[in-house]
$ cat coords-v9.txt   # compact mmCIF, C-alpha atoms
# COMPACT_ATOMS: atom_id res chain seq x y z
CA MET P 1 74.14 178.51 49.16
CA ALA P 2 74.70 178.04 45.42
CA PRO P 3 78.20 176.92 44.40
CA ASN P 4 80.52 179.48 42.78
CA LEU P 5 80.61 179.40 38.99
CA VAL P 6 83.73 178.85 36.89
CA ALA P 7 83.77 181.13 33.83
CA PRO P 8 83.31 179.53 30.40
CA SER P 9 86.06 179.24 27.80
CA GLU P 10 86.38 177.90 24.27
CA ASN P 11 86.63 174.35 25.62
CA ARG P 12 84.53 174.59 28.76
CA ALA P 13 80.95 175.55 29.52
CA THR P 14 79.97 177.64 32.54
CA LEU P 15 80.47 175.29 35.46
CA PRO P 16 80.04 175.40 39.24
CA ALA P 17 83.10 174.90 41.42
CA GLN P 18 81.25 172.25 43.42
CA MET P 19 78.63 169.63 42.62
CA ARG P 20 76.31 167.23 44.37
CA ALA P 21 77.26 163.57 44.56
CA GLY P 22 76.05 160.41 46.24
CA VAL P 23 79.07 159.49 48.35
CA TYR P 24 79.69 156.05 49.85
CA ARG P 25 80.89 156.50 53.44
CA GLY P 26 81.19 152.88 54.61
CA ALA P 27 79.28 149.61 54.55
CA GLY P 28 75.60 150.43 54.06
CA ARG P 29 76.14 154.21 54.38
CA VAL P 30 75.74 156.82 51.66
CA ALA P 31 75.20 160.58 51.78
CA THR P 32 74.42 163.31 49.27
CA GLU P 33 77.26 165.81 49.61
CA TYR P 34 78.93 168.70 47.83
CA VAL P 35 82.33 167.79 46.34
CA PRO P 36 84.62 169.62 43.88
CA VAL P 37 83.79 169.40 40.18
CA PRO P 38 86.60 167.29 38.65
CA GLU P 39 89.39 169.11 36.84
CA ILE P 40 90.34 167.73 33.43
CA SER P 41 93.76 167.68 31.76
CA ASP P 42 95.25 166.65 28.42
CA GLY P 43 93.19 164.12 26.50
CA GLU P 44 90.29 164.20 28.95
CA VAL P 45 86.68 165.37 28.83
CA LEU P 46 84.18 166.39 31.48
CA ILE P 47 80.69 164.90 31.16
CA GLN P 48 77.62 166.44 32.75
CA VAL P 49 75.67 163.38 33.89
CA ALA P 50 72.10 163.30 32.62
CA ALA P 51 71.26 159.79 33.82
CA CYS P 52 73.00 156.88 35.53
CA GLY P 53 71.49 153.46 36.19
CA ILE P 54 71.96 151.64 39.47
CA CYS P 55 73.73 148.31 38.95
CA GLY P 56 73.73 145.30 41.26
CA THR P 57 77.52 145.56 41.48
CA ASP P 58 77.17 149.07 42.94
CA LEU P 59 74.75 147.71 45.53
CA LYS P 60 77.06 144.88 46.59
CA LYS P 61 80.01 147.23 47.07
CA ILE P 62 77.92 149.65 49.13
CA GLN P 63 76.01 147.13 51.21
CA HIS P 64 78.95 144.86 52.05
CA GLY P 65 81.73 147.44 52.18
CA PHE P 66 83.94 145.64 49.66
CA VAL P 67 86.00 148.81 49.03
CA ALA P 68 87.33 151.51 51.31
CA PRO P 69 85.37 154.77 51.57
CA PRO P 70 84.95 157.44 50.39
CA GLN P 71 83.84 156.48 46.87
CA ILE P 72 81.45 157.75 44.22
CA PHE P 73 80.03 154.80 42.30
CA GLY P 74 77.84 154.60 39.20
CA HIS P 75 79.09 153.31 35.84
CA GLU P 76 76.01 153.24 33.59
CA VAL P 77 76.62 156.85 32.57
CA ALA P 78 75.01 158.98 29.88
CA GLY P 79 75.36 162.73 29.54
CA LYS P 80 76.70 165.75 27.64
CA ILE P 81 80.30 166.88 27.20
CA VAL P 82 80.85 170.24 28.94
CA GLY P 83 84.64 170.32 29.05
CA VAL P 84 87.29 169.26 26.50
CA GLY P 85 90.97 168.97 27.39
CA PRO P 86 93.90 169.75 25.06
CA GLY P 87 94.58 167.06 22.48
CA VAL P 88 91.07 165.58 22.37
CA ARG P 89 90.41 164.74 18.72
CA HIS P 90 87.01 163.13 18.37
CA TRP P 91 84.74 165.01 20.78
CA LYS P 92 83.47 168.56 21.23
CA LEU P 93 81.35 170.56 23.64
CA GLY P 94 77.70 169.55 23.55
CA ASP P 95 78.22 165.99 22.27
CA ARG P 96 75.78 163.55 23.85
CA VAL P 97 77.66 160.43 24.96
CA VAL P 98 77.46 157.20 26.85
CA SER P 99 80.72 156.26 28.52
CA PHE P 100 82.19 152.96 29.61
CA HIS P 101 84.46 153.01 32.66
CA HIS P 102 86.78 150.14 31.71
CA ILE P 103 88.70 149.79 28.45
CA PRO P 104 91.36 147.09 27.80
CA CYS P 105 94.75 147.65 26.19
CA GLY P 106 93.88 145.56 23.12
CA SER P 107 97.31 143.95 22.76
CA CYS P 108 98.06 141.73 25.78
CA PHE P 109 97.75 137.95 26.25
CA TYR P 110 94.17 138.26 27.53
CA CYS P 111 92.97 140.76 24.92
CA ALA P 112 94.25 138.45 22.17
CA ARG P 113 91.91 135.79 23.58
CA ARG P 114 88.93 138.16 24.01
CA LEU P 115 89.28 137.92 27.81
CA PHE P 116 89.15 141.70 27.99
CA SER P 117 88.04 141.92 31.62
CA GLN P 118 91.20 140.04 32.67
CA CYS P 119 93.49 142.64 31.02
CA ALA P 120 95.53 144.61 33.56
CA ALA P 121 94.66 147.90 31.83
CA TYR P 122 90.97 147.02 31.90
CA LYS P 123 91.04 146.82 35.68
CA LYS P 124 92.10 150.48 35.87
CA VAL P 125 88.91 152.57 36.12
CA GLY P 126 88.94 155.53 33.74
CA LEU P 127 85.82 157.41 34.84
CA THR P 128 85.63 159.38 38.10
CA ALA P 129 83.78 162.06 40.00
CA GLY P 130 86.47 162.31 42.68
CA PHE P 131 88.20 160.21 45.34
CA GLU P 132 89.52 156.88 44.03
CA PRO P 133 88.14 156.35 40.50
CA ASN P 134 85.10 154.08 40.65
CA GLY P 135 82.68 155.17 37.94
CA GLY P 136 81.36 158.42 39.38
CA GLY P 137 77.98 158.46 37.68
CA PHE P 138 76.17 159.18 40.95
CA ALA P 139 77.26 162.81 40.66
CA GLU P 140 76.55 165.83 38.50
CA PHE P 141 79.83 165.64 36.55
CA VAL P 142 82.37 162.93 35.74
CA ARG P 143 85.86 163.11 34.29
CA ALA P 144 86.73 160.67 31.49
CA MET P 145 90.43 159.82 31.26
CA PRO P 146 92.32 159.66 27.94
CA TRP P 147 91.94 155.93 27.21
CA ILE P 148 88.19 156.19 27.82
CA VAL P 149 87.95 159.30 25.63
CA GLU P 150 89.83 157.54 22.82
CA ARG P 151 88.04 154.18 22.82
CA GLY P 152 85.37 154.03 25.50
CA MET P 153 82.66 156.52 24.57
CA VAL P 154 79.77 156.25 22.12
CA LYS P 155 77.79 159.14 20.64
CA ILE P 156 74.07 159.10 21.43
CA PRO P 157 71.69 159.87 18.52
CA LEU P 158 69.42 162.86 19.05
CA ASP P 159 66.28 160.70 19.00
CA VAL P 160 67.53 158.49 21.85
CA SER P 161 67.02 159.60 25.45
CA PHE P 162 69.82 159.68 28.00
CA GLU P 163 67.85 157.17 30.08
CA GLU P 164 67.77 154.68 27.21
CA ALA P 165 71.48 155.24 26.57
CA THR P 166 72.39 154.16 30.12
CA PHE P 167 71.57 150.61 28.99
CA VAL P 168 74.45 150.38 26.49
CA GLU P 169 76.93 149.09 29.09
CA PRO P 170 74.60 146.54 30.77
CA VAL P 171 73.39 145.31 27.37
CA ASN P 172 77.03 144.78 26.39
CA THR P 173 77.65 142.68 29.51
CA CYS P 174 74.57 140.56 28.81
CA LEU P 175 75.41 140.13 25.13
CA LYS P 176 78.84 138.89 26.14
CA ALA P 177 77.26 136.43 28.61
CA VAL P 178 74.79 135.01 26.08
CA GLU P 179 77.62 134.52 23.58
CA LYS P 180 79.81 132.88 26.20
CA ALA P 181 76.97 130.48 27.08
CA ARG P 182 76.91 129.56 23.37
CA VAL P 183 73.15 130.03 23.14
CA ALA P 184 72.02 128.72 19.75
CA PRO P 185 68.80 128.71 17.68
CA ASP P 186 66.08 126.30 18.83
CA GLU P 187 67.75 125.60 22.17
CA THR P 188 65.82 125.78 25.42
CA VAL P 189 67.32 128.33 27.77
CA VAL P 190 66.31 129.10 31.35
CA VAL P 191 67.13 132.45 32.94
CA ILE P 192 67.04 132.42 36.76
CA GLY P 193 66.01 135.85 38.03
CA GLN P 194 64.04 138.49 36.16
CA GLY P 195 65.43 141.71 37.46
CA PRO P 196 66.69 144.16 34.81
CA ILE P 197 69.75 142.02 33.97
CA GLY P 198 67.75 138.79 33.88
CA ILE P 199 65.24 140.33 31.48
CA LEU P 200 68.05 141.59 29.23
CA LEU P 201 69.53 138.08 29.21
CA MET P 202 66.10 136.69 28.32
CA LEU P 203 65.66 139.17 25.45
CA LEU P 204 69.13 138.51 24.03
CA ALA P 205 68.76 134.72 24.30
CA ARG P 206 65.51 135.06 22.34
CA GLN P 207 67.32 137.15 19.74
CA ALA P 208 69.83 134.32 19.44
CA GLY P 209 66.92 132.05 18.48
CA ALA P 210 66.35 130.17 21.74
CA VAL P 211 63.08 129.35 23.47
CA VAL P 212 63.47 131.04 26.85
CA LEU P 213 61.87 130.09 30.16
CA THR P 214 62.38 132.26 33.22
CA THR P 215 62.02 132.13 36.99
CA ASP P 216 61.44 134.78 39.63
CA PRO P 217 59.58 134.77 42.96
CA MET P 218 58.07 138.22 42.26
CA ALA P 219 54.79 138.06 40.35
CA ASP P 220 55.20 141.46 38.72
CA ARG P 221 58.58 140.50 37.32
CA ARG P 222 57.22 137.24 35.96
CA ALA P 223 54.44 139.21 34.26
CA VAL P 224 56.91 141.59 32.61
CA SER P 225 59.06 138.65 31.54
CA GLU P 226 56.18 136.95 29.76
CA ARG P 227 54.96 140.23 28.25
CA LEU P 228 58.41 140.83 26.76
CA GLY P 229 58.74 137.36 25.25
CA ALA P 230 59.49 134.59 27.74
CA ALA P 231 57.73 131.35 26.75
CA ALA P 232 56.82 130.86 30.42
CA ALA P 233 57.81 132.33 33.76
CA PHE P 234 57.81 130.17 36.90
CA ASP P 235 57.72 130.96 40.60
CA PRO P 236 60.65 128.94 42.02
CA LEU P 237 59.10 129.03 45.51
CA SER P 238 55.97 127.17 44.47
CA CYS P 239 56.88 125.36 41.25
CA PRO P 240 59.33 122.47 40.65
CA VAL P 241 61.16 124.31 37.88
CA ALA P 242 63.45 121.44 36.87
CA GLU P 243 60.42 119.16 36.37
CA GLU P 244 58.59 121.79 34.32
CA VAL P 245 61.62 122.26 32.09
CA ARG P 246 62.02 118.52 31.57
CA LYS P 247 58.34 118.27 30.58
CA ARG P 248 59.02 120.77 27.80
CA THR P 249 62.27 119.18 26.58
CA GLY P 250 61.48 115.50 26.19
CA GLY P 251 62.77 114.78 29.69
CA ARG P 252 66.25 116.19 29.03
CA GLY P 253 66.41 119.60 30.72
CA ALA P 254 67.61 122.99 29.49
CA ASP P 255 70.46 123.32 27.04
CA ALA P 256 71.70 126.38 28.93
CA VAL P 257 70.83 128.07 32.23
CA LEU P 258 71.78 131.70 32.84
CA VAL P 259 71.96 132.69 36.51
CA ALA P 260 71.09 136.34 37.17
CA VAL P 261 70.63 136.22 40.96
CA PRO P 262 73.53 136.49 43.47
CA LEU P 263 72.51 133.50 45.61
CA PRO P 264 74.91 130.62 46.36
CA SER P 265 72.01 128.16 46.10
CA ALA P 266 71.28 129.24 42.53
CA LEU P 267 74.11 127.14 41.09
CA ALA P 268 72.74 123.85 42.44
CA GLU P 269 69.30 124.88 41.15
CA ALA P 270 70.74 125.69 37.72
CA LEU P 271 72.62 122.40 37.53
CA ALA P 272 69.41 120.52 38.35
CA ILE P 273 67.62 122.33 35.50
CA ALA P 274 70.38 121.80 32.91
CA ARG P 275 70.45 118.66 30.78
CA PRO P 276 73.48 116.32 30.74
CA GLY P 277 76.14 118.11 28.73
CA GLY P 278 74.34 121.42 29.20
CA ARG P 279 75.84 124.77 30.21
CA VAL P 280 75.36 126.92 33.30
CA LEU P 281 76.47 130.56 33.04
CA LEU P 282 77.05 132.47 36.29
CA PHE P 283 76.44 136.19 35.76
CA ALA P 284 75.71 137.52 39.26
CA GLN P 285 78.21 135.52 41.30
CA ASN P 286 80.89 138.22 41.60
CA ASP P 287 81.00 138.49 45.40
CA PRO P 288 84.67 137.94 46.37
CA HIS P 289 83.65 136.24 49.65
CA MET P 290 80.91 133.93 48.34
CA LYS P 291 81.53 130.17 48.55
CA ILE P 292 79.44 127.75 46.48
CA GLU P 293 78.95 124.00 46.80
CA PHE P 294 77.44 121.70 44.18
CA PRO P 295 77.29 117.93 43.46
CA ALA P 296 80.57 117.03 41.77
CA ALA P 297 78.86 114.37 39.66
CA ASN P 298 76.92 117.10 37.85
CA VAL P 299 80.21 118.03 36.20
CA GLY P 300 82.34 114.90 36.54
CA VAL P 301 79.68 112.41 35.38
CA GLU P 302 76.90 114.37 33.68
CA GLU P 303 79.45 116.61 31.90
CA LYS P 304 77.63 119.84 32.61
CA GLU P 305 79.72 122.96 32.13
CA ILE P 306 79.94 125.84 34.60
CA LEU P 307 80.90 129.11 32.94
CA GLY P 308 81.39 132.65 34.15
CA SER P 309 80.99 136.02 32.50
CA TYR P 310 82.10 139.34 33.94
CA SER P 311 81.75 142.91 32.67
CA ALA P 312 81.69 144.14 29.07
CA ALA P 313 83.48 143.27 25.83
CA VAL P 314 85.09 146.17 23.98
CA ASP P 315 84.48 144.54 20.59
CA ARG P 316 80.74 144.47 21.30
CA GLN P 317 80.42 148.23 21.97
CA GLU P 318 78.96 149.08 18.57
CA GLU P 319 76.59 146.11 18.55
CA SER P 320 75.28 146.80 22.06
CA ALA P 321 74.80 150.49 21.22
CA LYS P 322 72.90 149.56 18.05
CA LEU P 323 70.61 147.22 19.99
CA VAL P 324 69.72 150.07 22.36
CA PHE P 325 69.63 152.98 19.89
CA SER P 326 67.54 151.08 17.31
CA ARG P 327 65.17 150.03 20.09
CA ALA P 328 65.58 146.39 19.07
CA LEU P 329 65.55 145.86 22.84
CA PRO P 330 62.67 147.56 24.71
CA VAL P 331 64.91 148.99 27.43
CA SER P 332 62.55 151.85 28.30
CA ALA P 333 60.03 149.27 29.49
CA LEU P 334 62.48 148.24 32.23
CA ILE P 335 62.73 151.67 33.87
CA THR P 336 60.29 151.87 36.75
CA HIS P 337 61.75 154.51 39.07
CA ARG P 338 63.76 157.72 38.81
CA PHE P 339 65.43 159.46 41.75
CA SER P 340 67.38 162.68 42.18
CA LEU P 341 70.72 162.83 44.00
CA GLU P 342 68.90 164.21 47.03
CA GLU P 343 66.94 160.94 47.07
CA PHE P 344 70.05 158.78 46.57
CA ASP P 345 69.68 156.83 49.82
CA ALA P 346 66.03 156.02 49.04
CA ALA P 347 66.98 154.90 45.53
CA LEU P 348 69.56 152.45 46.87
CA SER P 349 67.14 151.14 49.50
CA LEU P 350 64.55 150.36 46.82
CA ALA P 351 67.15 148.75 44.55
CA ALA P 352 68.33 146.54 47.42
CA ARG P 353 64.78 145.53 48.40
CA PRO P 354 62.80 145.77 45.15
CA ASN P 355 59.06 146.27 45.41
CA ASN P 356 57.30 146.50 42.04
CA SER P 357 60.53 147.88 40.67
CA LEU P 358 62.96 146.98 37.89
CA LYS P 359 65.56 149.45 36.64
CA ILE P 360 66.19 152.45 38.89
CA VAL P 361 67.85 155.49 37.35
CA ILE P 362 69.50 158.46 39.06
CA ILE P 363 68.73 161.78 37.37
CA PRO P 364 71.18 164.33 38.85
$ encode --input "coords-v9.txt" --output "structure tokens"
Amino acid sequence: MAPNLVAPSENRATLPAQMRAGVYRGAGRVATEYVPVPEISDGEVLIQVAACGICGTDLKKIQHGFVAPPQIFGHEVAGKIVGVGPGVRHWKLGDRVVSFHHIPCGSCFYCARRLFSQCAAYKKVGLTAGFEPNGGGFAEFVRAMPWIVERGMVKIPLDVSFEEATFVEPVNTCLKAVEKARVAPDETVVVIGQGPIGILLMLLARQAGAVVLTTDPMADRRAVSERLGAAAAFDPLSCPVAEEVRKRTGGRGADAVLVAVPLPSALAEALAIARPGGRVLLFAQNDPHMKIEFPAANVGVEEKEILGSYSAAVDRQEESAKLVFSRALPVSALITHRFSLEEFDAALSLAARPNNSLKIVIIP
């Protein structure tokens, strides 16, 4: 039975009372359900989701049950504003937007040092489709709270698709990581893992002027990596990657290694690839229960640095949007599968066990 409709007004389009959403119901369990369309209040907007990418962080939370159910995840959100609350100044009905779900305060100890993801305000999620706020993009509508409306949304140009726009947030996170790894022109950089994030890291490291080598056990991903600009892509299961890198660097090793796979063993591999004094950037190691061991001499004697990068940087919003909207990054080439909300479970299964797939997008 079709949901009841809520009558339109000056600041709200015709809306159903209920909507479909992909709801997390416990470790490894999701279901497509009807839930209430979020109500908005002062300073808020309602976004009709047109596309939402599946992120590895979503998968970890769902598969391992890191948070209590019920939840509606999904934070790579692009859509159209269909409701505007009192006091909203910069947005109107019909605006096409991409929305972040975290925004820092801008004035605390951590913000002053560009450690935005460590800001207490940043940790408060400002985008929700119901239940405890956790992104909400795996639903037909999401509510953006006032601090997101003020500083966390970007207008999408008419010639840019909603699917392309979903990449603004992940591009921001990767841009932040490449900057934190201090990738410089003419350096040799290795990116471990060529899923969607690994390929974005490869592309941005190339834009920074580095020669980029990549690794992935999946042949199709290695092929895409080389097609999009990697100098070489190695199979780590059959190739001694550290030796190959040393052959290309006068015996030294890579200046920087960016780790885009969530495996504990990847750190030891990265340290073996890095030259003395080189840098290793951990991007995918955000599992709160993961423990990692590595040879202490890699750091204490060989002076290799281990760095971390988590989430987006608010002062890179405009730059990341420009990289996507100008098509300086070929993000459309990374989308391989699209699923509806009715197919939500199948979409997550493919994302967790990729088979000839890269970026998977939910189209509500």
$ residues_around --input "coords-v9.txt" --residues "stretch 52-63 of chain P" --least-positions-apart "5" --cutoff "7 Å" --atoms "all atoms listed in the file" --output "number ranges by chain"
P: 24, 27-28, 73-74, 76-78, 137-138, 166, 352, 360-363
$ residues_around --input "coords-v9.txt" --residues "stretch 230-232 of chain P" --least-positions-apart "6" --cutoff "12 Å" --atoms "all atoms listed in the file" --output "NGL selection string"
:P and (188-192 or 194 or 198-207 or 210-216 or 221-224 or 241 or 244-245 or 248)
$ atom_distance --input "coords-v9.txt" --atom1 "atom CA of P:Ala129" --atom2 "atom CA of P:Ile103"
17.6 Å
$ atom_distance --input "coords-v9.txt" --atom1 "atom CA of P:Gly277" --atom2 "atom CA of P:Ala177"
18.4 Å
$ closest_residue --input "coords-v9.txt" --among "P:Arg227, P:Lys80, P:Arg114, P:Lys124" --to "P:Phe141" --atoms "all atoms listed in the file"
P:Lys80
$ residues_around --input "coords-v9.txt" --residues "P:Glu303" --least-positions-apart "2" --cutoff "9 Å" --atoms "only C-alpha atoms" --output "count of residues only"
9
$ atom_distance --input "coords-v9.txt" --atom1 "atom CA of P:Ser309" --atom2 "atom CA of P:Ala270"
15.5 Å
$ residues_near_point --input "coords-v9.txt" --point "(81.8, 166.9, 45.0)" --cutoff "12 Å" --atoms "all atoms listed in the file" --output "JSON, numbers by chain"
{"P": [3, 16, 17, 18, 19, 20, 21, 22, 23, 31, 32, 33, 34, 35, 36, 37, 38, 39, 70, 71, 72, 128, 129, 130, 131, 136, 137, 138, 139, 140, 141, 142, 341]}
$ residues_around --input "coords-v9.txt" --residues "stretch 85-88 of chain P" --least-positions-apart "3" --cutoff "8 Å" --atoms "all atoms listed in the file" --output "list in words"
Asn11, Ile40, Ser41, Asp42, Gly43, Glu44, Val45, Trp91 and Val149 of chain P
$ closest_residue --input "coords-v9.txt" --among "P:Leu46, P:Val183, P:Val125, P:Cys174" --to "P:Pro104" --atoms "all atoms listed in the file"
P:Val125
$ closest_residue --input "coords-v9.txt" --among "P:Lys304, P:Gly195, P:Val49, P:Leu228" --to "P:Pro262" --atoms "all atoms listed in the file"
P:Gly195
$ residues_around --input "coords-v9.txt" --residues "P:Ser340" --least-positions-apart "2" --cutoff "8 Å" --atoms "all atoms listed in the file" --output "list in words"
Arg338, Glu342, Glu343, Phe344, Ile362, Ile363 and Pro364 of chain P
$ closest_residue --input "coords-v9.txt" --among "P:Ala165, P:Met145, P:Ile81, P:Ala274" --to "P:Arg327" --atoms "all atoms listed in the file"
P:Ala165
$ closest_residue --input "coords-v9.txt" --among "P:Leu127, P:Ala333, P:Val97, P:Val171" --to "P:Met153" --atoms "only C-alpha atoms"
P:Val97
$ closest_residue --input "coords-v9.txt" --among "P:Glu302, P:Glu164, P:Asp287, P:Asp95" --to "P:Ala272" --atoms "only C-alpha atoms"
P:Glu302
$ decode --input "coords-v9.txt" --residues "stretch 174-187 of chain P" --atoms "N, CA, C and O atoms" --output "PDB file, in the first residue's frame"
ATOM      1  N   CYS P 174      40.410  11.398   0.929  1.00  0.00           N
ATOM      2  CA  CYS P 174      41.647  10.953   0.270  1.00  0.00           C
ATOM      3  C   CYS P 174      42.611  12.108   0.054  1.00  0.00           C
ATOM      4  O   CYS P 174      43.832  11.948   0.187  1.00  0.00           O
ATOM      5  N   LEU P 175      42.079  13.274  -0.284  1.00  0.00           N
ATOM      6  CA  LEU P 175      42.926  14.461  -0.433  1.00  0.00           C
ATOM      7  C   LEU P 175      43.618  14.781   0.879  1.00  0.00           C
ATOM      8  O   LEU P 175      44.824  15.065   0.931  1.00  0.00           O
ATOM      9  N   LYS P 176      42.863  14.705   1.968  1.00  0.00           N
ATOM     10  CA  LYS P 176      43.452  14.923   3.290  1.00  0.00           C
ATOM     11  C   LYS P 176      44.570  13.917   3.562  1.00  0.00           C
ATOM     12  O   LYS P 176      45.638  14.281   4.077  1.00  0.00           O
ATOM     13  N   ALA P 177      44.357  12.646   3.202  1.00  0.00           N
ATOM     14  CA  ALA P 177      45.351  11.602   3.466  1.00  0.00           C
ATOM     15  C   ALA P 177      46.630  11.829   2.661  1.00  0.00           C
ATOM     16  O   ALA P 177      47.745  11.677   3.183  1.00  0.00           O
ATOM     17  N   VAL P 178      46.485  12.177   1.390  1.00  0.00           N
ATOM     18  CA  VAL P 178      47.659  12.417   0.545  1.00  0.00           C
ATOM     19  C   VAL P 178      48.455  13.615   1.069  1.00  0.00           C
ATOM     20  O   VAL P 178      49.692  13.597   1.091  1.00  0.00           O
ATOM     21  N   GLU P 179      47.759  14.643   1.525  1.00  0.00           N
ATOM     22  CA  GLU P 179      48.456  15.790   2.111  1.00  0.00           C
ATOM     23  C   GLU P 179      49.163  15.403   3.411  1.00  0.00           C
ATOM     24  O   GLU P 179      50.291  15.825   3.667  1.00  0.00           O
ATOM     25  N   LYS P 180      48.479  14.598   4.224  1.00  0.00           N
ATOM     26  CA  LYS P 180      49.090  14.214   5.495  1.00  0.00           C
ATOM     27  C   LYS P 180      50.315  13.336   5.283  1.00  0.00           C
ATOM     28  O   LYS P 180      51.270  13.376   6.078  1.00  0.00           O
ATOM     29  N   ALA P 181      50.315  12.540   4.214  1.00  0.00           N
ATOM     30  CA  ALA P 181      51.478  11.713   3.889  1.00  0.00           C
ATOM     31  C   ALA P 181      52.615  12.516   3.263  1.00  0.00           C
ATOM     32  O   ALA P 181      53.673  11.967   2.970  1.00  0.00           O
ATOM     33  N   ARG P 182      52.354  13.809   3.033  1.00  0.00           N
ATOM     34  CA  ARG P 182      53.347  14.745   2.486  1.00  0.00           C
ATOM     35  C   ARG P 182      53.884  14.282   1.131  1.00  0.00           C
ATOM     36  O   ARG P 182      55.085  14.383   0.856  1.00  0.00           O
ATOM     37  N   VAL P 183      52.984  13.761   0.306  1.00  0.00           N
ATOM     38  CA  VAL P 183      53.387  13.315  -1.029  1.00  0.00           C
ATOM     39  C   VAL P 183      53.864  14.519  -1.826  1.00  0.00           C
ATOM     40  O   VAL P 183      53.190  15.558  -1.889  1.00  0.00           O
ATOM     41  N   ALA P 184      55.033  14.384  -2.448  1.00  0.00           N
ATOM     42  CA  ALA P 184      55.668  15.503  -3.142  1.00  0.00           C
ATOM     43  C   ALA P 184      56.008  15.119  -4.581  1.00  0.00           C
ATOM     44  O   ALA P 184      56.098  13.927  -4.920  1.00  0.00           O
ATOM     45  N   PRO P 185      56.224  16.124  -5.452  1.00  0.00           N
ATOM     46  CA  PRO P 185      56.591  15.831  -6.843  1.00  0.00           C
ATOM     47  C   PRO P 185      57.834  14.958  -6.939  1.00  0.00           C
ATOM     48  O   PRO P 185      58.785  15.102  -6.149  1.00  0.00           O
ATOM     49  N   ASP P 186      57.794  14.040  -7.891  1.00  0.00           N
ATOM     50  CA  ASP P 186      58.911  13.145  -8.228  1.00  0.00           C
ATOM     51  C   ASP P 186      59.187  12.069  -7.180  1.00  0.00           C
ATOM     52  O   ASP P 186      60.145  11.298  -7.319  1.00  0.00           O
ATOM     53  N   GLU P 187      58.362  11.979  -6.154  1.00  0.00           N
ATOM     54  CA  GLU P 187      58.507  10.874  -5.218  1.00  0.00           C
ATOM     55  C   GLU P 187      57.910   9.603  -5.814  1.00  0.00           C
ATOM     56  O   GLU P 187      57.092   9.651  -6.742  1.00  0.00           O
TER      57      GLU P 187
END
